[in-house]
$ cat structure-v2.pdb   # PDB, C-alpha atoms
ATOM      1  CA  MET A  22      -0.595   3.363   3.676  1.00  0.00           C
ATOM      2  CA  ILE A  23      -0.649   3.287  -0.100  1.00  0.00           C
ATOM      3  CA  THR A  24      -1.853   6.012  -2.473  1.00  0.00           C
ATOM      4  CA  VAL A  25      -2.389   5.047  -6.099  1.00  0.00           C
ATOM      5  CA  PRO A  26      -3.570   7.024  -9.117  1.00  0.00           C
ATOM      6  CA  GLY A  27      -7.164   6.434 -10.188  1.00  0.00           C
ATOM      7  CA  ARG A  28     -10.323   5.378  -8.412  1.00  0.00           C
ATOM      8  CA  LEU A  29      -9.684   1.705  -7.660  1.00  0.00           C
ATOM      9  CA  ASP A  30     -11.139  -0.625  -5.050  1.00  0.00           C
ATOM     10  CA  SER A  31      -8.805  -2.430  -2.643  1.00  0.00           C
ATOM     11  CA  LYS A  32      -9.321  -5.803  -4.345  1.00  0.00           C
ATOM     12  CA  THR A  33      -8.102  -4.400  -7.684  1.00  0.00           C
ATOM     13  CA  ILE A  34      -5.124  -2.706  -6.014  1.00  0.00           C
ATOM     14  CA  PHE A  35      -4.152  -5.933  -4.224  1.00  0.00           C
ATOM     15  CA  GLN A  36      -4.422  -7.956  -7.455  1.00  0.00           C
ATOM     16  CA  ARG A  37      -2.110  -5.519  -9.237  1.00  0.00           C
ATOM     17  CA  ILE A  38       0.387  -5.546  -6.382  1.00  0.00           C
ATOM     18  CA  GLU A  39       0.535  -9.347  -6.390  1.00  0.00           C
ATOM     19  CA  ARG A  40       0.983  -9.382 -10.179  1.00  0.00           C
ATOM     20  CA  LEU A  41       3.704  -6.709 -10.125  1.00  0.00           C
ATOM     21  CA  CYS A  42       5.496  -8.019  -7.026  1.00  0.00           C
ATOM     22  CA  PRO A  43       5.721 -11.812  -7.076  1.00  0.00           C
ATOM     23  CA  GLY A  44       6.061 -13.157  -3.559  1.00  0.00           C
ATOM     24  CA  LEU A  45       4.166 -10.273  -1.948  1.00  0.00           C
ATOM     25  CA  ARG A  46       0.945 -11.861  -0.712  1.00  0.00           C
ATOM     26  CA  THR A  47      -1.895  -9.442   0.038  1.00  0.00           C
ATOM     27  CA  GLU A  48      -4.561 -11.871   1.309  1.00  0.00           C
ATOM     28  CA  GLN A  49      -3.518 -11.136   4.916  1.00  0.00           C
ATOM     29  CA  TRP A  50      -3.569  -7.359   4.462  1.00  0.00           C
ATOM     30  CA  ARG A  51      -6.308  -5.629   6.421  1.00  0.00           C
ATOM     31  CA  VAL A  52      -7.959  -2.474   5.054  1.00  0.00           C
ATOM     32  CA  TYR A  53      -8.617   0.079   7.815  1.00  0.00           C
ATOM     33  CA  SER A  54      -9.654   2.884   5.492  1.00  0.00           C
ATOM     34  CA  GLU A  55     -10.331   3.315   1.774  1.00  0.00           C
ATOM     35  CA  VAL A  56     -10.523   6.957   0.634  1.00  0.00           C
ATOM     36  CA  TYR A  57     -11.191   8.314  -2.839  1.00  0.00           C
ATOM     37  CA  ALA A  58     -10.065  11.876  -3.479  1.00  0.00           C
ATOM     38  CA  LYS A  59      -8.614  14.179  -6.106  1.00  0.00           C
ATOM     39  CA  LYS A  60      -5.070  15.452  -6.427  1.00  0.00           C
ATOM     40  CA  GLY A  61      -5.527  18.454  -8.673  1.00  0.00           C
ATOM     41  CA  GLN A  62      -7.779  17.135 -11.440  1.00  0.00           C
ATOM     42  CA  ASP A  63      -6.665  13.499 -11.069  1.00  0.00           C
ATOM     43  CA  PRO A  64      -8.520  10.940  -8.922  1.00  0.00           C
ATOM     44  CA  ILE A  65      -6.483   9.002  -6.346  1.00  0.00           C
ATOM     45  CA  THR A  66      -7.197   6.156  -3.940  1.00  0.00           C
ATOM     46  CA  THR A  67      -5.581   5.942  -0.516  1.00  0.00           C
ATOM     47  CA  LEU A  68      -5.651   2.767   1.563  1.00  0.00           C
ATOM     48  CA  VAL A  69      -4.656   2.612   5.228  1.00  0.00           C
ATOM     49  CA  LEU A  70      -3.613  -0.981   5.809  1.00  0.00           C
ATOM     50  CA  GLY A  71      -2.571  -3.446   8.452  1.00  0.00           C
ATOM     51  CA  LEU A  72       0.251  -5.658   7.160  1.00  0.00           C
ATOM     52  CA  PRO A  73       1.802  -8.806   8.591  1.00  0.00           C
ATOM     53  CA  GLU A  74       5.516  -8.658   9.385  1.00  0.00           C
ATOM     54  CA  SER A  75       6.278 -10.964   6.433  1.00  0.00           C
ATOM     55  CA  SER A  76       4.880  -8.346   4.023  1.00  0.00           C
ATOM     56  CA  VAL A  77       6.783  -5.538   5.750  1.00  0.00           C
ATOM     57  CA  ARG A  78      10.025  -7.525   5.278  1.00  0.00           C
ATOM     58  CA  LYS A  79       9.279  -8.043   1.565  1.00  0.00           C
ATOM     59  CA  LEU A  80       8.480  -4.352   1.146  1.00  0.00           C
ATOM     60  CA  ARG A  81      11.666  -3.389   2.986  1.00  0.00           C
ATOM     61  CA  GLU A  82      13.638  -5.492   0.462  1.00  0.00           C
ATOM     62  CA  ARG A  83      12.015  -3.375  -2.271  1.00  0.00           C
ATOM     63  CA  ASP A  84      12.819  -0.114  -0.439  1.00  0.00           C
ATOM     64  CA  PHE A  85       9.068   0.270   0.176  1.00  0.00           C
ATOM     65  CA  THR A  86       8.392   0.958  -3.513  1.00  0.00           C
ATOM     66  CA  ILE A  87       6.189  -0.882  -5.995  1.00  0.00           C
ATOM     67  CA  ALA A  88       6.211  -0.422  -9.765  1.00  0.00           C
ATOM     68  CA  TRP A  89       2.883   1.030 -10.859  1.00  0.00           C
ATOM     69  CA  GLY A  90       2.172   1.788 -14.504  1.00  0.00           C
ATOM     70  CA  LEU A  91       5.066   3.868 -15.792  1.00  0.00           C
ATOM     71  CA  GLY A  92       6.024   5.041 -12.308  1.00  0.00           C
ATOM     72  CA  ARG A  93       6.348   3.821  -8.754  1.00  0.00           C
ATOM     73  CA  ILE A  94       4.283   4.091  -5.613  1.00  0.00           C
ATOM     74  CA  ARG A  95       5.704   4.233  -2.093  1.00  0.00           C
ATOM     75  CA  VAL A  96       4.309   2.279   0.810  1.00  0.00           C
ATOM     76  CA  LYS A  97       4.311   4.094   4.138  1.00  0.00           C
ATOM     77  CA  VAL A  98       4.590   1.828   7.175  1.00  0.00           C
ATOM     78  CA  ASP A  99       3.604   2.780  10.718  1.00  0.00           C
ATOM     79  CA  ASP A 100       4.878   1.374  14.004  1.00  0.00           C
ATOM     80  CA  LYS A 101       3.038  -1.653  15.407  1.00  0.00           C
ATOM     81  CA  ASP A 102       2.057   0.188  18.562  1.00  0.00           C
ATOM     82  CA  THR A 103       0.441   3.186  16.868  1.00  0.00           C
ATOM     83  CA  ASP A 104      -3.080   3.687  15.692  1.00  0.00           C
ATOM     84  CA  PRO A 105      -3.429   3.102  11.907  1.00  0.00           C
ATOM     85  CA  SER A 106      -4.654   6.687  11.461  1.00  0.00           C
ATOM     86  CA  GLU A 107      -1.296   7.965  12.781  1.00  0.00           C
ATOM     87  CA  THR A 108       0.771   6.721   9.852  1.00  0.00           C
ATOM     88  CA  VAL A 109       4.439   7.672   9.832  1.00  0.00           C
ATOM     89  CA  ASP A 110       6.554   7.546   6.658  1.00  0.00           C
ATOM     90  CA  LYS A 111       9.435   5.155   7.423  1.00  0.00           C
ATOM     91  CA  THR A 112      10.845   5.311   3.892  1.00  0.00           C
ATOM     92  CA  GLU A 113      12.791   8.547   4.241  1.00  0.00           C
TER      93      GLU A 113
END
$ encode --input "structure-v2.pdb" --output "structure tokens"
Amino acid sequence: MITVPGRLDSKTIFQRIERLCPGLRTEQWRVYSEVYAKKGQDPITTLVLGLPESSVRKLRERDFTIAWGLGRIRVKVDDKDTDPSETVDKTE
């Protein structure tokens, strides 16, 4: 699961991730859910994703963080045997 600031579609998010993280290929990522919401006054986009093991390994090397604008976003990864809606934060 990834939450990013702004109202962005998954294609735009994936393009930014690939530009910011060379070697992280998003073409095999599967979008289970794309939700637009507000955090306070600011719009956010949350994607629930299915990732291949190769992407999980690359994200693990980056401590499950991706540079985003002036900050960072964290990627939450669930167990393979759980439903995508039951996402567990493995980064803490």
$ resolve_selection --input "structure-v2.pdb" --expression "the PyMOL selection byres ((chain A and resi 89-97) around 6)" --output "list in words"
Met22, Ile23, Phe85, Thr86, Ile87, Ala88, Val98 and Asp110 of chain A
$ resolve_selection --input "structure-v2.pdb" --expression "the PyMOL selection byres ((chain A and resi 54) around 9)" --output "PDB file with C-alpha atoms, keeping the file's coordinate frame"
ATOM      1  CA  VAL A  52      -7.959  -2.474   5.054  1.00  0.00           C
ATOM      2  CA  TYR A  53      -8.617   0.079   7.815  1.00  0.00           C
ATOM      3  CA  GLU A  55     -10.331   3.315   1.774  1.00  0.00           C
ATOM      4  CA  VAL A  56     -10.523   6.957   0.634  1.00  0.00           C
ATOM      5  CA  THR A  67      -5.581   5.942  -0.516  1.00  0.00           C
ATOM      6  CA  LEU A  68      -5.651   2.767   1.563  1.00  0.00           C
ATOM      7  CA  VAL A  69      -4.656   2.612   5.228  1.00  0.00           C
ATOM      8  CA  LEU A  70      -3.613  -0.981   5.809  1.00  0.00           C
ATOM      9  CA  PRO A 105      -3.429   3.102  11.907  1.00  0.00           C
ATOM     10  CA  SER A 106      -4.654   6.687  11.461  1.00  0.00           C
TER      11      SER A 106
END
$ atom_distance --input "structure-v2.pdb" --atom1 "atom CA of Thr66 of chain A" --atom2 "atom CA of Val25 of chain A"
5.4 Å
$ atom_distance --input "structure-v2.pdb" --atom1 "atom CA of Asp99 of chain A" --atom2 "atom CA of Cys42 of chain A"
20.9 Å
$ resolve_selection --input "structure-v2.pdb" --expression "the PyMOL selection byres ((chain A and resi 64) around 6)" --output "number ranges by chain"
A: 27-28, 58-59, 63, 65
$ closest_residue --input "structure-v2.pdb" --among "A:Arg37, A:Lys32, A:Asp84, A:Thr24" --to "Arg51 of chain A" --atoms "only C-alpha atoms"
A:Lys32
$ closest_residue --input "structure-v2.pdb" --among "A:Gln62, A:Gly71, A:Lys79, A:Pro26" --to "Trp50 of chain A" --atoms "all atoms listed in the file"
A:Gly71
$ atom_distance --input "structure-v2.pdb" --atom1 "atom CA of Lys60 of chain A" --atom2 "atom CA of Arg40 of chain A"
25.8 Å
$ axis_aligned_box --input "structure-v2.pdb" --around "segment 52-70 of chain A" --padding-each-side "5 Å" --output "JSON"
{"center_x": -7.4, "center_y": 8.0, "center_z": -1.8, "size_x": 17.6, "size_y": 30.9, "size_z": 29.3}
$ residues_near_point --input "structure-v2.pdb" --point "(-1.6, -9.8, -2.2)" --cutoff "7 Å" --atoms "only C-alpha atoms" --output "list in words"
Phe35, Gln36, Ile38, Glu39, Leu45, Arg46, Thr47 and Glu48 of chain A
$ decode --input "structure-v2.pdb" --residues "segment 45-61 of chain A" --atoms "N, CA and C atoms" --output "compact mmCIF listing (two decimals), in the first residue's frame"
# COMPACT_ATOMS: atom_id res chain seq x y z
N LEU A 45 13.50 -0.03 -10.08
CA LEU A 45 12.22 -0.48 -9.53
C LEU A 45 11.19 -0.41 -10.65
N ARG A 46 10.82 -1.56 -11.16
CA ARG A 46 9.93 -1.64 -12.33
C ARG A 46 8.49 -1.84 -11.87
N THR A 47 7.60 -0.95 -12.28
CA THR A 47 6.22 -1.00 -11.80
C THR A 47 5.25 -1.64 -12.79
N GLU A 48 5.72 -2.05 -13.97
CA GLU A 48 4.78 -2.58 -14.96
C GLU A 48 4.12 -3.89 -14.51
N GLN A 49 4.70 -4.58 -13.54
CA GLN A 49 4.08 -5.81 -13.03
C GLN A 49 3.27 -5.58 -11.76
N TRP A 50 3.19 -4.34 -11.31
CA TRP A 50 2.40 -4.04 -10.11
C TRP A 50 0.92 -4.07 -10.48
N ARG A 51 0.14 -4.67 -9.61
CA ARG A 51 -1.30 -4.77 -9.83
C ARG A 51 -2.02 -3.85 -8.84
N VAL A 52 -2.93 -3.03 -9.34
CA VAL A 52 -3.69 -2.12 -8.49
C VAL A 52 -4.98 -2.81 -8.07
N TYR A 53 -5.13 -3.05 -6.76
CA TYR A 53 -6.36 -3.64 -6.22
C TYR A 53 -7.38 -2.56 -5.88
N SER A 54 -6.87 -1.40 -5.44
CA SER A 54 -7.76 -0.33 -5.02
C SER A 54 -7.05 1.01 -5.20
N GLU A 55 -7.80 2.00 -5.65
CA GLU A 55 -7.29 3.36 -5.84
C GLU A 55 -8.29 4.29 -5.16
N VAL A 56 -7.87 4.93 -4.05
CA VAL A 56 -8.79 5.73 -3.25
C VAL A 56 -8.27 7.15 -3.13
N TYR A 57 -9.15 8.11 -3.43
CA TYR A 57 -8.83 9.52 -3.26
C TYR A 57 -9.54 10.00 -2.01
N ALA A 58 -8.81 10.72 -1.16
CA ALA A 58 -9.39 11.19 0.09
C ALA A 58 -8.74 12.52 0.47
N LYS A 59 -9.06 12.98 1.67
CA LYS A 59 -8.43 14.18 2.20
C LYS A 59 -7.85 13.88 3.56
N LYS A 60 -6.66 14.41 3.80
CA LYS A 60 -6.03 14.34 5.12
C LYS A 60 -5.98 15.78 5.59
N GLY A 61 -6.92 16.14 6.47
CA GLY A 61 -7.09 17.55 6.81
C GLY A 61 -7.64 18.25 5.58
